[in-house]
Amino acid sequence: MTVRDPAAAAGATVGDLTESELLEAVLTGLAPAVRDGHWPAGTVAPGDDAALVPAPRGGTLISTDAMGEGTDFLHRWPAGPRTRGYDAGWKAVAQNLSDVNAMGGTASALVTALTLPPTTPVAWVRSFAAGIVGAVRHLGAPDCRVAGGDLGTGGRVHAAVTVLGDPHPGGVLCRTPAAEDRGRVLAEGADLVHAQAVLGGPRAAAPAGPGWAAGGLALLLTDRAELERRADALPAADRPSPRELARAVRAQLRPRPPLALGPAAVAAGLLTLMDVSDGLGKDAHRMAAATGGTGPAPAPWLDEAWLAEAAAPLRRVAALAGTSPEALVTGGGEDYGLLGLAWPETELPRGFTRIGRLVPAGARAPAGHRPLPESGWDPFGG
Ligand SMILES: Nc1ncnc2c1ncn2[C@@H]1O[C@H](COP(=O)(O)OP(=O)(O)OP(=O)(O)O)[C@@H](O)[C@H]1O
Ligand SMILES: Cc1ncc(C[n+]2csc(CCOP(=O)(O)O)c2C)c(N)n1
Ligand SMILES: [Mg+2]
């Protein structure tokens, strides 16, 4: 079948279109973001060999993160739900906006390289473009221009997004404290702080804490019949409600990095910052190792009371997923919250919570805390 009018291509797949027709379908989907992208005189919008975006003096943040069918999402999950084009576009963008946020910056532009099997429905690609626009708008990245991308074909869907960002005028926050703070951190330790979704966001944005995306993943990867068997075997009080199930699945499919809080962390004087993509434990140990440098690494300890509070609402989701809520909180990835260090006397921005301590190597254990295990996601398994 040859479709020469992409607008009439209901039911068409990528293999039915020419590259320029597919590009037109993508650009039509992206039009709202391109239109809203503030392309002042002297800039170049998508459509040329490269886009030209404005940049402040003092550097440009740049990060890239790819998402592949089979390893990062499934079109149809064993539990039944689908990752629709919109979800994939949203998540590919969200995890990149999250990395700029984790430096304390503000995203200024992004490009998307899409690999599509010829059997991909054109409707899926349009929906993907809408998901990009949705994430940029609803996560709160109004200055992020969708500056272009690339289309190619291959065996599986693969989306590589590259994002540029402007640093906060107060500087960037790395995984290691600035030189002038590092000595005190290594001698005295510092508070471990965390921020999840911004409170008071859009209606649908119930804040999901650490572990919810991993809970959603565990459920999505379980066969529907098996989930039903497990639910039947659980006492009624231990069965997750439909609302809890939806919250976990949504946390996995549509993560909501708290984009206002990276810049707020710079303004408040936090010492370090990173986003939690692989798990609280794994990422906290990365920050500890970066802080320790070539010397002995300080150790992250978790406040027992905070852990109990974060784990409690996950109890029934964890029971159905066949794991413990504490394991989800400490080892679950893809929540895209922020993890950082702060002095005990620092007043944290609204949305950040003190969740533990980074303890100098060899120092006494803080009361009411437990060691944070180095648990989390490793795509290579090793
Ligand atoms: N292929 C590569 N070439 C050069 N540098 C890389 C490559 N892959 C990763 N890095 C760098 O290694 C560091 C860690 O990479 P990683 O993808 O784990 O980023 P992250 O921010 O920790 O994770 P996430 O993207 O999930 O937030 C980053 O600074 C990244 O730029
Ligand atoms: C089908 C399927 N299998 C496994 C996972 C879990 N997963 C994929 S990437 C990642 C961490 C962040 O990645 P990165 O560090 O590359 O940004 C996690 C926890 C998934 N989402 N879908
Ligand atoms: Mg990161």
# chains A, B, ... in the order shown; residues from 1 in each chain; ligands from 1
call {"tool": "closest_atom_pairs", "arguments": {"of": "chain A", "to": "ligand 2", "cutoff": "8 Å", "atoms": "only C-alpha atoms and all ligand atoms", "output": "tab-separated table"}}
result
residue	atom	partner	partner_atom_place_in_ligand_line	distance
A:Asp65	CA	ligand 2	17 (O)	6.0
A:Ala66	CA	ligand 2	16 (O)	6.8
A:Met67	CA	ligand 2	16 (O)	7.2
A:Glu69	CA	ligand 2	1 (C)	7.1
A:Gly70	CA	ligand 2	1 (C)	5.0
A:Thr71	CA	ligand 2	1 (C)	4.5
A:Asp72	CA	ligand 2	22 (N)	3.6
A:Phe73	CA	ligand 2	22 (N)	4.1
A:Leu74	CA	ligand 2	1 (C)	5.3
A:Gln95	CA	ligand 2	17 (O)	6.8
A:Ala214	CA	ligand 2	19 (C)	6.8
A:Leu217	CA	ligand 2	21 (N)	6.5
A:Leu221	CA	ligand 2	1 (C)	7.5
A:Gln252	CA	ligand 2	21 (N)	7.1
A:Ser277	CA	ligand 2	12 (C)	4.7
A:Asp278	CA	ligand 2	11 (C)	4.6
A:Gly279	CA	ligand 2	19 (C)	7.6
A:Gly332	CA	ligand 2	19 (C)	6.9
A:Gly333	CA	ligand 2	19 (C)	4.4
A:Glu334	CA	ligand 2	19 (C)	5.4
A:Gly376	CA	ligand 2	19 (C)	7.6
A:Trp377	CA	ligand 2	19 (C)	5.0
A:Asp378	CA	ligand 2	11 (C)	7.2
A:Pro379	CA	ligand 2	9 (S)	6.5
call {"tool": "residues_near_ligand", "arguments": {"ligand": "ligand 3", "cutoff": "6 Å", "atoms": "only C-alpha atoms and all ligand atoms", "output": "PyMOL selection string"}}
result
chain A and resi 99+274-275
call {"tool": "select_by_dssp", "arguments": {"residues": "range 201-265 of chain A", "states": "helix (DSSP H, G or I)", "output": "ChimeraX atom specification"}}
result
/A:212-220,224-233,236-238,242-253,261-265
call {"tool": "atom_distance", "arguments": {"atom1": "CA of Asp238 in chain A", "atom2": "CA of Pro313 in chain A"}}
result
11.3 Å
call {"tool": "residues_around", "arguments": {"residues": "range 39-55 of chain A", "least_positions_apart": "6", "cutoff": "9 Å", "atoms": "only C-alpha atoms", "output": "VMD selection string"}}
result
chain A and resid 27 108 to 109 145 to 149 165 to 166
call {"tool": "write_last_selection", "arguments": {"atoms": "N, CA, C and O atoms", "output": "PDB file, in the first residue's frame"}}
result
ATOM      1  N   LEU A  27       6.533  16.200  12.610  1.00  0.00           N
ATOM      2  CA  LEU A  27       6.580  17.655  12.818  1.00  0.00           C
ATOM      3  C   LEU A  27       5.192  18.218  13.108  1.00  0.00           C
ATOM      4  O   LEU A  27       5.058  19.162  13.873  1.00  0.00           O
ATOM      5  N   SER A 108      16.898  23.863  27.835  1.00  0.00           N
ATOM      6  CA  SER A 108      16.687  24.904  26.831  1.00  0.00           C
ATOM      7  C   SER A 108      16.320  24.312  25.472  1.00  0.00           C
ATOM      8  O   SER A 108      15.679  24.978  24.665  1.00  0.00           O
ATOM      9  N   ALA A 109      16.731  23.085  25.190  1.00  0.00           N
ATOM     10  CA  ALA A 109      16.418  22.481  23.890  1.00  0.00           C
ATOM     11  C   ALA A 109      16.643  20.980  23.956  1.00  0.00           C
ATOM     12  O   ALA A 109      17.439  20.494  24.772  1.00  0.00           O
ATOM     13  N   ARG A 145      13.031  24.101  23.928  1.00  0.00           N
ATOM     14  CA  ARG A 145      12.626  24.041  22.526  1.00  0.00           C
ATOM     15  C   ARG A 145      12.834  22.628  22.008  1.00  0.00           C
ATOM     16  O   ARG A 145      13.857  22.011  22.312  1.00  0.00           O
ATOM     17  N   VAL A 146      11.876  22.133  21.230  1.00  0.00           N
ATOM     18  CA  VAL A 146      12.082  20.865  20.536  1.00  0.00           C
ATOM     19  C   VAL A 146      12.784  21.234  19.238  1.00  0.00           C
ATOM     20  O   VAL A 146      12.183  21.799  18.331  1.00  0.00           O
ATOM     21  N   ALA A 147      14.091  20.988  19.192  1.00  0.00           N
ATOM     22  CA  ALA A 147      14.938  21.605  18.164  1.00  0.00           C
ATOM     23  C   ALA A 147      15.204  20.691  16.978  1.00  0.00           C
ATOM     24  O   ALA A 147      15.925  21.077  16.064  1.00  0.00           O
ATOM     25  N   GLY A 148      14.649  19.488  16.973  1.00  0.00           N
ATOM     26  CA  GLY A 148      14.838  18.616  15.823  1.00  0.00           C
ATOM     27  C   GLY A 148      15.077  17.186  16.233  1.00  0.00           C
ATOM     28  O   GLY A 148      14.756  16.774  17.352  1.00  0.00           O
ATOM     29  N   GLY A 149      15.642  16.401  15.307  1.00  0.00           N
ATOM     30  CA  GLY A 149      15.874  14.995  15.599  1.00  0.00           C
ATOM     31  C   GLY A 149      16.325  14.267  14.358  1.00  0.00           C
ATOM     32  O   GLY A 149      16.867  14.862  13.433  1.00  0.00           O
ATOM     33  N   GLY A 165      20.834  22.435  28.331  1.00  0.00           N
ATOM     34  CA  GLY A 165      20.245  23.212  29.425  1.00  0.00           C
ATOM     35  C   GLY A 165      21.118  24.384  29.824  1.00  0.00           C
ATOM     36  O   GLY A 165      22.323  24.403  29.565  1.00  0.00           O
ATOM     37  N   ASP A 166      20.456  25.362  30.449  1.00  0.00           N
ATOM     38  CA  ASP A 166      21.169  26.528  30.967  1.00  0.00           C
ATOM     39  C   ASP A 166      21.445  26.307  32.447  1.00  0.00           C
ATOM     40  O   ASP A 166      20.524  25.983  33.208  1.00  0.00           O
TER      41      ASP A 166
END
call {"tool": "closest_residue", "arguments": {"among": "A:Gly322, A:Gly337, A:Gly134, A:Pro344", "to": "Ala231 in chain A", "atoms": "only C-alpha atoms"}}
result
A:Gly322
call {"tool": "atom_distance", "arguments": {"atom1": "atom 13 (C, counted along the ligand's line) of ligand 1", "atom2": "CA of Gly68 in chain A"}}
result
18.4 Å
call {"tool": "closest_residue", "arguments": {"among": "A:Ala267, A:Ala248, A:Leu192, A:Ala318", "to": "His369 in chain A", "atoms": "only C-alpha atoms"}}
result
A:Leu192
call {"tool": "select_by_dssp", "arguments": {"residues": "range 26-229 of chain A", "states": "strand (DSSP E)", "output": "number ranges by chain"}}
result
A: 61-68, 106-116, 145-153, 158-166, 190-195
call {"tool": "atom_distance", "arguments": {"atom1": "atom 18 (O, counted along the ligand's line) of ligand 1", "atom2": "CA of Pro56 in chain A"}}
result
26.7 Å
call {"tool": "closest_residue", "arguments": {"among": "A:Ala130, A:Val93, A:Ala107, A:Leu114", "to": "Ala159 in chain A", "atoms": "only C-alpha atoms"}}
result
A:Leu114
